[in-house]
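Heads up, the thing below is written out as structure tokens.
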Amino acid sequence: MRQSILSDNESPLIACEHVSCTYGNSPVLHDVYLNINRREFVGIVGPSGSGKTTLLKAIIGSQPVAHGSITVQPELTIGYVPQIETVDWYFPVTVEEVIVMTRTKTKWWPRITIQERTAVREVLEKLGIADVAQRHIRELSGGQQQRVFLARAMFCQPDILVLDEPTAGVDVRTRHEILHLLADLHAEGLTILLTTHDLNGLAAHLPRLVCFNKTILADGSPREVLTSKVLEATYGAPMEVLEHGGMPIVIDHGRVAMRGEGK
Amino acid sequence: MILALDIFEPYGFQFFRNGLVVATIAGALCGLLGVFVILRGMSYIGHGLSHAVFGGAAASAVMKVNYFLGAGIWGIVSGLLIARVARRRVIGADAAIGVVTTASFALGLALMNRYGQASKSIEAVLFGSVLGVKVVDIYAVASVALLGLAVVVLGYRKLLFSTFDRDVAQVSNVRVSLVEAVLLAMISLTILVTMRVIGTLLISALLVIPAASARMTTNSFSRMLWISPIIGAVTCFVGMNLSYHLDTSASATIILLDAFVFVVVYAIAGTRNRAKMSSLGHL
């Protein structure tokens, strides 16, 4: 029921139809219809607790679906980048070990081979962190941590990259770097799906946005989706949308009130 | 003072040689599995299972059933009960282990009190008895050790992946539940074959302390898999010898030796890490 296989190359990479998930007795996802097509760059936005991560987990197959179906292309390889806050940074592994562990088919003695070492170097170089291979994962900066897990996802040459809050807890510069990196990967032909709560820093720059709170409230370009009406429905709080340099900028009510007091 | 001649004195006894071999292999085996026990936060499961099996060992001694059969079945039943109780989310796995294993342990003690004639072998289960080592014990421990080594070598990356990042491993087609079942089965087998020789208390300690010490010496998973069994084996070997000369319990001596190693490593690693982390201040 959960994951059937599509055969047509023109059909979406991932198709969610009428998907619902529950946690105990409370519904987390309700009646979700979502198609992800090849070469798309899609961002899912919504408040914390809106079920964004659950939706991603349902798509990658680690969260059981209560109703409906999620259909994926045959032999679709998904590169998943978890929220970096969920990683155990004290775990005794080096960057190289983290990346290589995804290749679980080895000879009987599980040593890292020269070919694997070269492949790891290549992917790290691509992401601009070639010199961290032998470091313990705790000895990395926030931006490097995010890139290491991106590198791990890239290592298996995925058809689609799925990232959960890739800019949570990173500084402005790192956020820019990650956004540019993802844009480059997308330009090279990779399909990308991510979640974010960062409306101005990340979501407004993406070609397609999905506003989400337990179900899909709007789906389209930032210009179409980032409106006061949609955002209020998504976040349950009044929000104002301005325009600056052709880009929508979201201002939540709290911030406007504070600015008003300052005057 | 112990003279050179005295050092080799215990080796004149067959029971000591057997006990030494079993304890050393058990130390290495527990050290190896201990790496996964501490990295997965399973310390309490190891502790709980070893105490649960004690109940089974006592029952099989009283009912004169084969030890491996009785304690083995008992261990499996305890495991299933823990899983069953833990499914009630309001209770939680740690409390479930607490309930099932202490009840099993208490039942073992009660049987020991009621049927005093069986007490000797039950005490041996609790504290271990090098006197009781039979050749079959050596074979049993050695086979489980070889099996454990094979599992860790052949399944290395799957074990590492599912330990470090369960969700992503599952998505990457690693059969995480199978990996977990195999690990739990290995830990149970280890407890089963070593219990009569080194005792419930020592198993709990050996599944945790050498791996914890090893963790502090290295940041590499593969190196930890070497260091932990070596610490386990060496402390068991030295501890057995010491216990003969000091006339102390083998279990107690080995645990104290492991704890001593831990304290020394803790002190050294603490100083070293502070220096290392301060040199990374620019990140």
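Residues are referred to by chain and number: the chain letter is A, B, ... according to the order shown in the structure tokens, the number counts from 1 in that chain, and ligands are numbered separately from 1 in the order shown.
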Within 10 Å of chain A, which residues of chain B show up when using only C-alpha atoms, listed as a tab-separated table (two decimals) with all heavy atoms, in the first residue's frame?
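After the write, out-v8.tsv holds the following:
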chain	number	residue	atom	x	y	z
B	39	LEU	N	27.77	3.08	22.96
B	39	LEU	CA	27.44	4.08	21.94
B	39	LEU	C	25.95	4.12	21.64
B	39	LEU	O	25.41	5.12	21.19
B	39	LEU	CB	28.23	3.81	20.65
B	39	LEU	CG	29.72	4.07	20.76
B	39	LEU	CD1	30.41	3.77	19.44
B	39	LEU	CD2	30.00	5.51	21.17
B	40	ARG	N	25.25	3.01	21.87
B	40	ARG	CA	23.81	2.98	21.64
B	40	ARG	C	23.04	3.29	22.91
B	40	ARG	O	21.81	3.21	22.93
B	40	ARG	CB	23.40	1.57	21.18
B	40	ARG	CG	23.82	1.29	19.78
B	40	ARG	CD	23.56	-0.15	19.43
B	40	ARG	NE	23.59	-0.30	17.99
B	40	ARG	CZ	22.52	-0.29	17.22
B	40	ARG	NH1	21.33	-0.19	17.74
B	40	ARG	NH2	22.64	-0.40	15.92
B	89	ARG	N	3.74	3.45	26.24
B	89	ARG	CA	4.65	4.59	26.17
B	89	ARG	C	4.79	5.35	27.49
B	89	ARG	O	5.81	5.96	27.74
B	89	ARG	CB	4.18	5.55	25.08
B	89	ARG	CG	4.41	4.96	23.72
B	89	ARG	CD	4.74	6.02	22.73
B	89	ARG	NE	5.15	5.40	21.49
B	89	ARG	CZ	5.01	5.93	20.30
B	89	ARG	NH1	4.47	7.12	20.21
B	89	ARG	NH2	5.41	5.31	19.23
B	150	ALA	N	33.15	-12.29	13.98
B	150	ALA	CA	32.66	-12.40	12.60
B	150	ALA	C	31.55	-11.39	12.35
B	150	ALA	O	31.55	-10.70	11.32
B	150	ALA	CB	32.17	-13.82	12.33
B	152	VAL	N	30.97	-8.55	13.86
B	152	VAL	CA	31.47	-7.16	13.85
B	152	VAL	C	32.27	-6.87	12.58
B	152	VAL	O	32.12	-5.81	11.97
B	152	VAL	CB	32.31	-6.88	15.12
B	152	VAL	CG1	33.03	-5.54	15.00
B	152	VAL	CG2	31.42	-6.89	16.35
B	153	VAL	N	33.09	-7.84	12.14
B	153	VAL	CA	33.91	-7.60	10.94
B	153	VAL	C	33.02	-7.56	9.70
B	153	VAL	O	33.07	-6.62	8.91
B	153	VAL	CB	35.01	-8.67	10.80
B	153	VAL	CG1	35.66	-8.58	9.42
B	153	VAL	CG2	36.06	-8.48	11.88
B	154	LEU	N	32.17	-8.57	9.54
B	154	LEU	CA	31.38	-8.68	8.31
B	154	LEU	C	30.28	-7.61	8.25
B	154	LEU	O	29.92	-7.14	7.17
B	154	LEU	CB	30.77	-10.07	8.18
B	154	LEU	CG	31.80	-11.20	8.03
B	154	LEU	CD1	31.10	-12.55	8.02
B	154	LEU	CD2	32.62	-11.03	6.76
B	155	GLY	N	29.75	-7.24	9.42
B	155	GLY	CA	28.66	-6.26	9.41
B	155	GLY	C	29.11	-4.87	9.81
B	155	GLY	O	28.29	-4.03	10.15
B	156	TYR	N	30.44	-4.64	9.75
B	156	TYR	CA	31.02	-3.42	10.32
B	156	TYR	C	30.27	-2.13	9.95
B	156	TYR	O	29.82	-1.39	10.80
B	156	TYR	CB	32.50	-3.33	9.89
B	156	TYR	CG	33.18	-2.07	10.34
B	156	TYR	CD1	33.66	-1.94	11.64
B	156	TYR	CD2	33.35	-0.99	9.48
B	156	TYR	CE1	34.30	-0.79	12.06
B	156	TYR	CE2	33.98	0.16	9.89
B	156	TYR	CZ	34.45	0.26	11.18
B	156	TYR	OH	35.07	1.42	11.59
B	157	ARG	N	30.13	-1.89	8.65
B	157	ARG	CA	29.55	-0.60	8.26
B	157	ARG	C	28.06	-0.51	8.56
B	157	ARG	O	27.56	0.55	8.90
B	157	ARG	CB	29.82	-0.33	6.77
B	157	ARG	CG	31.25	0.09	6.55
B	157	ARG	CD	31.47	0.68	5.21
B	157	ARG	NE	32.91	0.83	4.99
B	157	ARG	CZ	33.45	1.04	3.79
B	157	ARG	NH1	32.67	1.12	2.73
B	157	ARG	NH2	34.74	1.18	3.67
B	158	LYS	N	27.36	-1.63	8.44
B	158	LYS	CA	25.93	-1.63	8.77
B	158	LYS	C	25.75	-1.34	10.26
B	158	LYS	O	24.88	-0.58	10.66
B	158	LYS	CB	25.31	-2.97	8.42
B	158	LYS	CG	25.22	-3.20	6.93
B	158	LYS	CD	24.37	-4.43	6.62
B	158	LYS	CE	24.35	-4.71	5.13
B	158	LYS	NZ	25.43	-5.60	4.70
B	159	LEU	N	26.60	-1.98	11.08
B	159	LEU	CA	26.53	-1.75	12.53
B	159	LEU	C	26.84	-0.30	12.86
B	159	LEU	O	26.14	0.34	13.66
B	159	LEU	CB	27.53	-2.66	13.24
B	159	LEU	CG	27.14	-4.13	13.38
B	159	LEU	CD1	28.35	-4.98	13.73
B	159	LEU	CD2	26.08	-4.29	14.45
B	160	LEU	N	27.89	0.22	12.23
B	160	LEU	CA	28.30	1.61	12.49
B	160	LEU	C	27.20	2.58	12.04
B	160	LEU	O	26.80	3.47	12.79
B	160	LEU	CB	29.61	1.91	11.75
B	160	LEU	CG	30.08	3.36	11.73
B	160	LEU	CD1	30.26	3.90	13.14
B	160	LEU	CD2	31.40	3.48	10.97
B	161	PHE	N	26.69	2.36	10.84
B	161	PHE	CA	25.70	3.26	10.26
B	161	PHE	C	24.43	3.29	11.12
B	161	PHE	O	23.93	4.35	11.50
B	161	PHE	CB	25.36	2.81	8.84
B	161	PHE	CG	24.76	3.88	7.97
B	161	PHE	CD1	24.45	3.60	6.64
B	161	PHE	CD2	24.51	5.16	8.44
B	161	PHE	CE1	23.90	4.57	5.81
B	161	PHE	CE2	23.97	6.14	7.61
B	161	PHE	CZ	23.66	5.83	6.30
B	162	SER	N	23.93	2.11	11.48
B	162	SER	CA	22.67	2.09	12.23
B	162	SER	C	22.87	2.53	13.67
B	162	SER	O	21.92	2.96	14.33
B	162	SER	CB	22.01	0.72	12.17
B	162	SER	OG	22.90	-0.25	12.62
B	163	THR	N	24.11	2.45	14.19
B	163	THR	CA	24.37	2.95	15.53
B	163	THR	C	24.46	4.48	15.52
B	163	THR	O	23.92	5.15	16.38
B	163	THR	CB	25.69	2.36	16.09
B	163	THR	OG1	25.58	0.94	16.09
B	163	THR	CG2	25.96	2.84	17.50
B	164	PHE	N	25.13	5.01	14.51
B	164	PHE	CA	25.37	6.46	14.45
B	164	PHE	C	24.11	7.21	14.02
B	164	PHE	O	23.80	8.27	14.56
B	164	PHE	CB	26.52	6.73	13.47
B	164	PHE	CG	26.78	8.20	13.26
B	164	PHE	CD1	27.12	9.01	14.32
B	164	PHE	CD2	26.70	8.75	11.99
B	164	PHE	CE1	27.37	10.36	14.12
B	164	PHE	CE2	26.94	10.09	11.79
B	164	PHE	CZ	27.28	10.89	12.86
B	165	ASP	N	23.40	6.68	13.04
B	165	ASP	CA	22.32	7.44	12.44
B	165	ASP	C	21.22	6.50	11.96
B	165	ASP	O	21.12	6.18	10.78
B	165	ASP	CB	22.91	8.22	11.25
B	165	ASP	CG	22.05	9.41	10.88
B	165	ASP	OD1	20.88	9.44	11.27
B	165	ASP	OD2	22.57	10.31	10.20
B	166	ARG	N	20.39	6.06	12.91
B	166	ARG	CA	19.42	5.00	12.65
B	166	ARG	C	18.48	5.32	11.48
B	166	ARG	O	18.30	4.52	10.58
B	166	ARG	CB	18.60	4.78	13.92
B	166	ARG	CG	17.75	3.56	13.89
B	166	ARG	CD	16.95	3.44	15.17
B	166	ARG	NE	16.31	2.14	15.22
B	166	ARG	CZ	15.20	1.85	14.57
B	166	ARG	NH1	14.61	2.76	13.83
B	166	ARG	NH2	14.68	0.63	14.65
B	167	ASP	N	17.92	6.52	11.49
B	167	ASP	CA	16.94	6.91	10.46
B	167	ASP	C	17.52	6.86	9.06
B	167	ASP	O	16.93	6.29	8.15
B	167	ASP	CB	16.42	8.33	10.73
B	167	ASP	CG	15.34	8.33	11.79
B	167	ASP	OD1	14.93	7.22	12.20
B	167	ASP	OD2	14.92	9.41	12.21
B	168	VAL	N	18.68	7.49	8.91
B	168	VAL	CA	19.28	7.57	7.59
B	168	VAL	C	19.74	6.19	7.13
B	168	VAL	O	19.64	5.85	5.95
B	168	VAL	CB	20.42	8.60	7.55
B	168	VAL	CG1	21.00	8.72	6.15
B	168	VAL	CG2	19.92	9.95	8.01
B	169	ALA	N	20.22	5.38	8.07
B	169	ALA	CA	20.62	4.02	7.72
B	169	ALA	C	19.43	3.25	7.16
B	169	ALA	O	19.53	2.55	6.16
B	169	ALA	CB	21.20	3.31	8.94
B	170	GLN	N	18.30	3.43	7.80
B	170	GLN	CA	17.09	2.74	7.37
B	170	GLN	C	16.70	3.17	5.95
B	170	GLN	O	16.37	2.34	5.11
B	170	GLN	CB	15.96	3.06	8.34
B	170	GLN	CG	14.77	2.15	8.20
B	170	GLN	CD	13.76	2.39	9.30
B	170	GLN	OE1	13.71	3.48	9.88
B	170	GLN	NE2	12.96	1.40	9.58
B	171	VAL	N	16.80	4.47	5.71
B	171	VAL	CA	16.49	4.99	4.38
B	171	VAL	C	17.47	4.45	3.34
B	171	VAL	O	17.13	4.24	2.19
B	171	VAL	CB	16.53	6.54	4.40
B	171	VAL	CG1	16.34	7.09	3.02
B	171	VAL	CG2	15.48	7.06	5.34
B	172	SER	N	18.73	4.23	3.78
B	172	SER	CA	19.76	3.75	2.86
B	172	SER	C	19.76	2.22	2.75
B	172	SER	O	20.80	1.61	2.50
B	172	SER	CB	21.13	4.23	3.32
B	172	SER	OG	21.09	5.60	3.60
B	173	ASN	N	18.63	1.62	2.99
B	173	ASN	CA	18.43	0.18	2.81
B	173	ASN	C	19.24	-0.70	3.76
B	173	ASN	O	19.59	-1.83	3.41
B	173	ASN	CB	18.73	-0.24	1.36
B	173	ASN	CG	17.74	0.40	0.41
B	173	ASN	OD1	16.56	0.53	0.73
B	173	ASN	ND2	18.23	0.85	-0.73
B	174	VAL	N	19.59	-0.19	4.92
B	174	VAL	CA	20.16	-1.04	5.96
B	174	VAL	C	18.98	-1.57	6.77
B	174	VAL	O	18.10	-0.80	7.15
B	174	VAL	CB	21.12	-0.26	6.87
B	174	VAL	CG1	21.64	-1.14	7.99
B	174	VAL	CG2	22.28	0.30	6.06
B	215	ARG	N	36.63	4.69	24.75
B	215	ARG	CA	36.03	5.87	24.11
B	215	ARG	C	36.83	7.13	24.40
B	215	ARG	O	36.96	8.01	23.56
B	215	ARG	CB	34.57	6.02	24.58
B	215	ARG	CG	33.87	7.28	24.10
B	215	ARG	CD	33.72	7.30	22.60
B	215	ARG	NE	33.28	8.60	22.09
B	215	ARG	CZ	34.08	9.55	21.66
B	215	ARG	NH1	35.40	9.36	21.70
B	215	ARG	NH2	33.62	10.69	21.21
B	216	MET	N	37.36	7.18	25.64
B	216	MET	CA	38.09	8.39	26.02
B	216	MET	C	39.48	8.46	25.41
B	216	MET	O	40.08	9.52	25.35
B	216	MET	CB	38.17	8.48	27.54
B	216	MET	CG	36.84	8.88	28.17
B	216	MET	SD	37.00	9.20	29.92
B	216	MET	CE	37.39	7.56	30.51
B	218	THR	N	40.19	7.59	22.22
B	218	THR	CA	40.19	7.81	20.78
B	218	THR	C	38.89	8.43	20.29
B	218	THR	O	37.85	8.26	20.93
B	218	THR	CB	40.44	6.49	20.02
B	218	THR	OG1	40.40	6.74	18.62
B	218	THR	CG2	39.39	5.44	20.36
B	219	ASN	N	38.96	9.11	19.15
B	219	ASN	CA	37.77	9.64	18.50
B	219	ASN	C	37.42	8.83	17.26
B	219	ASN	O	36.61	9.24	16.46
B	219	ASN	CB	38.00	11.10	18.09
B	219	ASN	CG	37.60	12.06	19.19
B	219	ASN	OD1	36.71	11.74	19.99
B	219	ASN	ND2	38.23	13.20	19.24
B	220	SER	N	38.09	7.67	17.11
B	220	SER	CA	37.85	6.85	15.92
B	220	SER	C	37.12	5.57	16.32
B	220	SER	O	37.51	4.87	17.25
B	220	SER	CB	39.17	6.50	15.25
B	220	SER	OG	39.01	5.36	14.43
B	221	PHE	N	36.04	5.29	15.60
B	221	PHE	CA	35.24	4.11	15.90
B	221	PHE	C	36.04	2.83	15.71
B	221	PHE	O	36.02	1.93	16.55
B	221	PHE	CB	34.02	4.11	14.98
B	221	PHE	CG	33.07	2.97	15.22
B	221	PHE	CD1	32.24	2.97	16.32
B	221	PHE	CD2	33.01	1.90	14.35
B	221	PHE	CE1	31.35	1.94	16.54
B	221	PHE	CE2	32.14	0.86	14.56
B	221	PHE	CZ	31.30	0.88	15.65
B	222	SER	N	36.79	2.75	14.60
B	222	SER	CA	37.52	1.51	14.33
B	222	SER	C	38.60	1.26	15.38
B	222	SER	O	38.82	0.13	15.81
B	222	SER	CB	38.13	1.55	12.92
B	222	SER	OG	38.87	2.72	12.74
B	223	ARG	N	39.28	2.34	15.81
B	223	ARG	CA	40.31	2.16	16.83
B	223	ARG	C	39.68	1.75	18.16
B	223	ARG	O	40.22	0.95	18.91
B	223	ARG	CB	41.12	3.45	17.00
B	223	ARG	CG	42.56	3.27	16.54
B	223	ARG	CD	43.28	4.58	16.55
B	223	ARG	NE	42.95	5.37	15.37
B	223	ARG	CZ	43.04	6.70	15.30
B	223	ARG	NH1	43.41	7.39	16.35
B	223	ARG	NH2	42.74	7.33	14.19
B	224	MET	N	38.49	2.29	18.44
B	224	MET	CA	37.79	1.94	19.68
B	224	MET	C	37.49	0.45	19.71
B	224	MET	O	37.55	-0.20	20.75
B	224	MET	CB	36.50	2.76	19.74
B	224	MET	CG	35.87	2.83	21.10
B	224	MET	SD	34.41	3.90	21.01
B	224	MET	CE	33.49	3.27	22.40
B	276	LYS	N	43.28	20.23	23.51
B	276	LYS	CA	42.92	20.09	22.11
B	276	LYS	C	41.77	21.04	21.75
B	276	LYS	O	41.82	21.72	20.74
B	276	LYS	CB	42.53	18.65	21.82
B	276	LYS	CG	42.45	18.38	20.34
B	276	LYS	CD	42.35	16.90	20.05
B	276	LYS	CE	42.36	16.69	18.56
B	276	LYS	NZ	41.99	15.34	18.18
B	277	MET	N	40.74	21.06	22.62
B	277	MET	CA	39.58	21.89	22.30
B	277	MET	C	39.94	23.37	22.31
B	277	MET	O	39.42	24.14	21.53
B	277	MET	CB	38.41	21.63	23.26
B	277	MET	CG	37.74	20.28	23.09
B	277	MET	SD	37.52	19.74	21.38
B	277	MET	CE	36.18	20.79	20.83
B	280	LEU	N	41.23	24.58	19.14
B	280	LEU	CA	40.25	24.67	18.06
B	280	LEU	C	39.33	25.88	18.25
B	280	LEU	O	38.29	26.00	17.62
B	280	LEU	CB	39.40	23.40	18.01
B	280	LEU	CG	40.11	22.15	17.51
B	280	LEU	CD1	39.34	20.92	17.92
B	280	LEU	CD2	40.28	22.20	16.00
B	281	GLY	N	39.73	26.77	19.14
B	281	GLY	CA	38.89	27.91	19.50
B	281	GLY	C	38.50	28.80	18.32
B	281	GLY	O	37.49	29.48	18.36
B	282	HIS	N	39.29	28.73	17.24
B	282	HIS	CA	39.02	29.62	16.10
B	282	HIS	C	37.79	29.19	15.31
B	282	HIS	O	37.30	29.93	14.48
B	282	HIS	CB	40.23	29.66	15.18
B	282	HIS	CG	40.55	28.34	14.55
B	282	HIS	ND1	41.20	27.34	15.23
B	282	HIS	CD2	40.27	27.85	13.32
B	282	HIS	CE1	41.32	26.30	14.43
B	282	HIS	NE2	40.77	26.57	13.27
B	283	LEU	N	37.31	27.95	15.54
B	283	LEU	CA	36.21	27.46	14.69
B	283	LEU	C	34.89	28.12	15.05
B	283	LEU	O	34.58	28.30	16.18
B	283	LEU	CB	36.09	25.94	14.83
B	283	LEU	CG	37.22	25.17	14.18
B	283	LEU	CD1	37.06	23.69	14.46
B	283	LEU	CD2	37.29	25.41	12.68
Contacts of B:Val136 within 12 Å, only C-alpha atoms, excl. fewer than 3 positions in-chain, as a list in words: Asn18, Gly19, Val22, Phe68, Gly132, Val133, Tyr139, Ala140, Val141, Ala142, Ser143, Val193, Thr194, Arg196 and Val197 of chain B
Output as a ChimeraX atom specification all residues of stretch 25-160 of chain A that backbone DSSP marks as strand (DSSP E or B). /A:26-36,41-45,67-72,78-81,94,136,160
If you run DSSP on the backbone here, which positions in stretch 72-215 of chain A get helix (DSSP H, G or I)? Please write them as an NGL selection string. :A and (84-86 or 95-100 or 114-126 or 130-132 or 137-139 or 142-155 or 172-187 or 203-205)
Close residues, A:Ala66 itself excluded, 7 Å, only C-alpha atoms, min 5 positions apart in chain, as a list in words: Ser20, Cys21 and Thr22 of chain A
Keeping only N, CA and C atoms, write the selected residues as a PDB file, in the first residue's frame.
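This is the output file part-v6.pdb:
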ATOM      1  N   SER A  20      -1.974  10.638   5.027  1.00  0.00           N
ATOM      2  CA  SER A  20      -2.165  11.033   6.417  1.00  0.00           C
ATOM      3  C   SER A  20      -1.254  10.204   7.302  1.00  0.00           C
ATOM      4  N   CYS A  21      -0.709  10.846   8.329  1.00  0.00           N
ATOM      5  CA  CYS A  21       0.085  10.132   9.324  1.00  0.00           C
ATOM      6  C   CYS A  21      -0.441  10.503  10.695  1.00  0.00           C
ATOM      7  N   THR A  22      -0.349   9.566  11.638  1.00  0.00           N
ATOM      8  CA  THR A  22      -0.795   9.877  12.992  1.00  0.00           C
ATOM      9  C   THR A  22       0.322   9.556  13.970  1.00  0.00           C
TER      10      THR A  22
END
Surrounding residues of B:Ala181 excluding itself and chain neighbours under 3 positions, 12 Å, only C-alpha atoms, as a ChimeraX atom specification: /B:76,79-80,159,162,175-178,184-188
Output all heavy atoms for every residue in the selection just made, as a tab-separated table (two decimals), in the first residue's frame.
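Final output, selection-v6.tsv:
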chain	number	residue	atom	x	y	z
B	76	ILE	N	15.25	-15.10	26.96
B	76	ILE	CA	14.40	-14.73	25.82
B	76	ILE	C	13.05	-14.21	26.33
B	76	ILE	O	12.56	-13.17	25.89
B	76	ILE	CB	14.19	-15.92	24.87
B	76	ILE	CG1	15.53	-16.26	24.18
B	76	ILE	CG2	13.12	-15.62	23.82
B	76	ILE	CD1	15.54	-17.58	23.47
B	79	GLY	N	13.39	-10.80	27.73
B	79	GLY	CA	13.53	-9.82	26.65
B	79	GLY	C	12.18	-9.47	26.05
B	79	GLY	O	11.86	-8.30	25.83
B	80	LEU	N	11.36	-10.51	25.80
B	80	LEU	CA	10.03	-10.28	25.23
B	80	LEU	C	9.15	-9.49	26.19
B	80	LEU	O	8.40	-8.61	25.78
B	80	LEU	CB	9.37	-11.62	24.88
B	80	LEU	CG	10.02	-12.40	23.74
B	80	LEU	CD1	9.36	-13.76	23.56
B	80	LEU	CD2	9.95	-11.61	22.44
B	159	LEU	N	26.60	-1.98	11.08
B	159	LEU	CA	26.53	-1.75	12.53
B	159	LEU	C	26.84	-0.30	12.86
B	159	LEU	O	26.14	0.34	13.66
B	159	LEU	CB	27.53	-2.66	13.24
B	159	LEU	CG	27.14	-4.13	13.38
B	159	LEU	CD1	28.35	-4.98	13.73
B	159	LEU	CD2	26.08	-4.29	14.45
B	162	SER	N	23.93	2.11	11.48
B	162	SER	CA	22.67	2.09	12.23
B	162	SER	C	22.87	2.53	13.67
B	162	SER	O	21.92	2.96	14.33
B	162	SER	CB	22.01	0.72	12.17
B	162	SER	OG	22.90	-0.25	12.62
B	175	ARG	N	18.97	-2.90	6.99
B	175	ARG	CA	17.85	-3.44	7.77
B	175	ARG	C	18.15	-3.26	9.25
B	175	ARG	O	18.68	-4.13	9.93
B	175	ARG	CB	17.63	-4.90	7.41
B	175	ARG	CG	17.01	-5.02	6.01
B	175	ARG	CD	17.25	-6.34	5.39
B	175	ARG	NE	16.41	-7.37	5.98
B	175	ARG	CZ	16.58	-8.67	5.72
B	175	ARG	NH1	17.55	-9.05	4.91
B	175	ARG	NH2	15.77	-9.55	6.27
B	176	VAL	N	17.77	-2.06	9.71
B	176	VAL	CA	18.15	-1.62	11.05
B	176	VAL	C	17.62	-2.55	12.14
B	176	VAL	O	18.35	-2.89	13.08
B	176	VAL	CB	17.64	-0.17	11.28
B	176	VAL	CG1	17.94	0.28	12.68
B	176	VAL	CG2	18.27	0.77	10.28
B	177	SER	N	16.38	-3.00	12.00
B	177	SER	CA	15.82	-3.87	13.06
B	177	SER	C	16.56	-5.19	13.12
B	177	SER	O	16.77	-5.74	14.21
B	177	SER	CB	14.34	-4.14	12.84
B	177	SER	OG	13.77	-3.23	11.98
B	178	LEU	N	17.00	-5.69	11.95
B	178	LEU	CA	17.77	-6.93	11.93
B	178	LEU	C	19.11	-6.73	12.63
B	178	LEU	O	19.53	-7.54	13.46
B	178	LEU	CB	17.97	-7.39	10.49
B	178	LEU	CG	18.76	-8.69	10.32
B	178	LEU	CD1	17.93	-9.87	10.83
B	178	LEU	CD2	19.15	-8.91	8.87
B	184	LEU	N	21.52	-7.62	19.92
B	184	LEU	CA	20.91	-8.03	21.18
B	184	LEU	C	21.11	-9.53	21.40
B	184	LEU	O	21.40	-9.97	22.52
B	184	LEU	CB	19.41	-7.69	21.16
B	184	LEU	CG	18.79	-7.41	22.52
B	184	LEU	CD1	19.52	-6.29	23.24
B	184	LEU	CD2	17.31	-7.07	22.39
B	185	ALA	N	21.01	-10.30	20.32
B	185	ALA	CA	21.22	-11.74	20.41
B	185	ALA	C	22.66	-12.04	20.82
B	185	ALA	O	22.92	-12.92	21.66
B	185	ALA	CB	20.91	-12.42	19.08
B	186	MET	N	23.61	-11.28	20.26
B	186	MET	CA	25.03	-11.49	20.61
B	186	MET	C	25.27	-11.17	22.08
B	186	MET	O	26.00	-11.89	22.76
B	186	MET	CB	25.93	-10.59	19.76
B	186	MET	CG	26.19	-11.06	18.34
B	186	MET	SD	26.69	-12.78	18.18
B	186	MET	CE	28.07	-12.85	19.32
B	187	ILE	N	24.66	-10.08	22.56
B	187	ILE	CA	24.84	-9.70	23.96
B	187	ILE	C	24.24	-10.78	24.87
B	187	ILE	O	24.85	-11.20	25.86
B	187	ILE	CB	24.21	-8.32	24.25
B	187	ILE	CG1	24.99	-7.23	23.51
B	187	ILE	CG2	24.17	-8.02	25.73
B	187	ILE	CD1	24.32	-5.88	23.49
B	188	SER	N	23.06	-11.28	24.48
B	188	SER	CA	22.42	-12.33	25.29
B	188	SER	C	23.26	-13.60	25.31
B	188	SER	O	23.44	-14.21	26.36
B	188	SER	CB	21.04	-12.65	24.73
B	188	SER	OG	20.33	-11.48	24.48
Tell me, as JSON, numbers by chain, which residues lie within 7 Å of stretch 223-239 of chain A, counting only C-alpha atoms; anything in the same chain fewer than 6 positions away does not count. {"A": [46, 47, 209, 211, 212, 213, 217, 248, 250, 251, 252, 253]}
Have a look at atom CA of A:Asn200 and atom CA of A:Gly143 and let me know their distance in Å, one decimal. 19.1 Å
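By chain and then residue number, the residues within 7 Å of A:Leu206 are Phe41, Val42, Gly43, Ala203 and Leu209 of chain A, counting only C-alpha atoms and disregarding those fewer than 3 positions away in sequence.
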Just the selected residues (N, CA and C atoms), exported as an mmCIF file, in the first residue's frame, please.
data_model
loop_
_atom_site.group_PDB
_atom_site.id
_atom_site.type_symbol
_atom_site.label_atom_id
_atom_site.label_comp_id
_atom_site.auth_asym_id
_atom_site.auth_seq_id
_atom_site.Cartn_x
_atom_site.Cartn_y
_atom_site.Cartn_z
ATOM 1 N N PHE A 41 13.216 22.310 -7.454
ATOM 2 C CA PHE A 41 13.836 22.761 -6.204
ATOM 3 C C PHE A 41 12.686 23.278 -5.340
ATOM 4 N N VAL A 42 12.251 22.451 -4.380
ATOM 5 C CA VAL A 42 11.030 22.732 -3.642
ATOM 6 C C VAL A 42 11.331 22.970 -2.163
ATOM 7 N N GLY A 43 10.739 24.011 -1.613
ATOM 8 C CA GLY A 43 10.870 24.264 -0.188
ATOM 9 C C GLY A 43 9.525 24.117 0.506
ATOM 10 N N ALA A 203 13.490 30.620 1.994
ATOM 11 C CA ALA A 203 12.302 30.260 1.215
ATOM 12 C C ALA A 203 12.049 31.207 0.042
ATOM 13 N N LEU A 209 7.503 26.974 -3.616
ATOM 14 C CA LEU A 209 7.276 26.870 -2.170
ATOM 15 C C LEU A 209 5.959 26.157 -1.877
#
